[in-house]
Amino acid sequence: MSSNPAKILTQQVTDAVLAAPGVACLRPGLRSLLHLAASRQPDANGRLDPGTAVRITYDSRGRVAALQVDIVVRAQHQAARTAHAVRLAAAEAAATTPGAVRVTVTGIV
């Protein structure tokens, strides 16, 4: 069985982001995730593909050059603090510097 390192890294980043305090879900948002859940098949661990909410760009050596994460924040949390926590968690999961990570808050629920 072959594995795709890019997909594995994307899933690791996704798991780290979803575990950060204040994150409600990844973009495109809860309603879209529920709609897409019917059409997307979960992986062997029961997790859905994050779609375009986590995008990783690699340099010529195969290392992470940039990481873009789109999140929806829970209303009782501050968006800036949540984005900072996501940035640190994503950087750690991708073994890159926090400066390579860009977090966009697409909504608050």
# chains A, B, ... in the order shown; residues from 1 in each chain; ligands from 1

call {"tool": "residues_around", "arguments": {"residues": "segment 18-26 of chain A", "least_positions_apart": "3", "cutoff": "6 Å", "atoms": "only C-alpha atoms", "output": "PDB file with C-alpha atoms, in the first residue's frame"}}
result
ATOM      1  CA  ASP A  15      -5.796  17.387  13.188  1.00  0.00           C
ATOM      2  CA  ALA A  53      -9.098  24.697   3.941  1.00  0.00           C
ATOM      3  CA  ASP A  70      -8.847  28.812   6.752  1.00  0.00           C
ATOM      4  CA  ILE A  71     -10.813  28.398   9.982  1.00  0.00           C
ATOM      5  CA  VAL A  72     -14.107  29.270  11.609  1.00  0.00           C
ATOM      6  CA  VAL A  73     -13.776  30.448  15.224  1.00  0.00           C
ATOM      7  CA  ARG A  74     -16.162  29.777  18.107  1.00  0.00           C
ATOM      8  CA  HIS A  77     -13.122  32.877  21.736  1.00  0.00           C
ATOM      9  CA  THR A  82      -7.341  31.487  18.138  1.00  0.00           C
ATOM     10  CA  VAL A  86      -3.657  27.704  15.036  1.00  0.00           C
TER      11      VAL A  86
END

call {"tool": "atom_distance", "arguments": {"atom1": "atom CA of Ala75 of chain A", "atom2": "atom CA of Val101 of chain A"}}
result
22.9 Å

call {"tool": "residues_around", "arguments": {"residues": "Val103 of chain A", "least_positions_apart": "6", "cutoff": "7 Å", "atoms": "only C-alpha atoms", "output": "MDAnalysis selection string"}}
result
chainID A and resid 68:70 83 87

call {"tool": "write_last_selection", "arguments": {"atoms": "N, CA and C atoms", "output": "mmCIF file, in the first residue's frame"}}
result
data_model
loop_
_atom_site.group_PDB
_atom_site.id
_atom_site.type_symbol
_atom_site.label_atom_id
_atom_site.label_comp_id
_atom_site.auth_asym_id
_atom_site.auth_seq_id
_atom_site.Cartn_x
_atom_site.Cartn_y
_atom_site.Cartn_z
ATOM 1 N N GLN A 68 -1.311 27.604 4.283
ATOM 2 C CA GLN A 68 -2.486 28.460 4.416
ATOM 3 C C GLN A 68 -3.597 27.653 5.069
ATOM 4 N N VAL A 69 -4.184 28.189 6.136
ATOM 5 C CA VAL A 69 -5.255 27.501 6.854
ATOM 6 C C VAL A 69 -6.431 28.465 6.994
ATOM 7 N N ASP A 70 -7.614 28.024 6.609
ATOM 8 C CA ASP A 70 -8.847 28.812 6.752
ATOM 9 C C ASP A 70 -9.706 28.155 7.830
ATOM 10 N N ALA A 83 -6.375 32.382 16.094
ATOM 11 C CA ALA A 83 -5.532 32.342 14.896
ATOM 12 C C ALA A 83 -4.065 32.128 15.272
ATOM 13 N N ARG A 87 -1.810 29.004 14.222
ATOM 14 C CA ARG A 87 -0.533 29.222 13.527
ATOM 15 C C ARG A 87 0.580 28.387 14.167
#
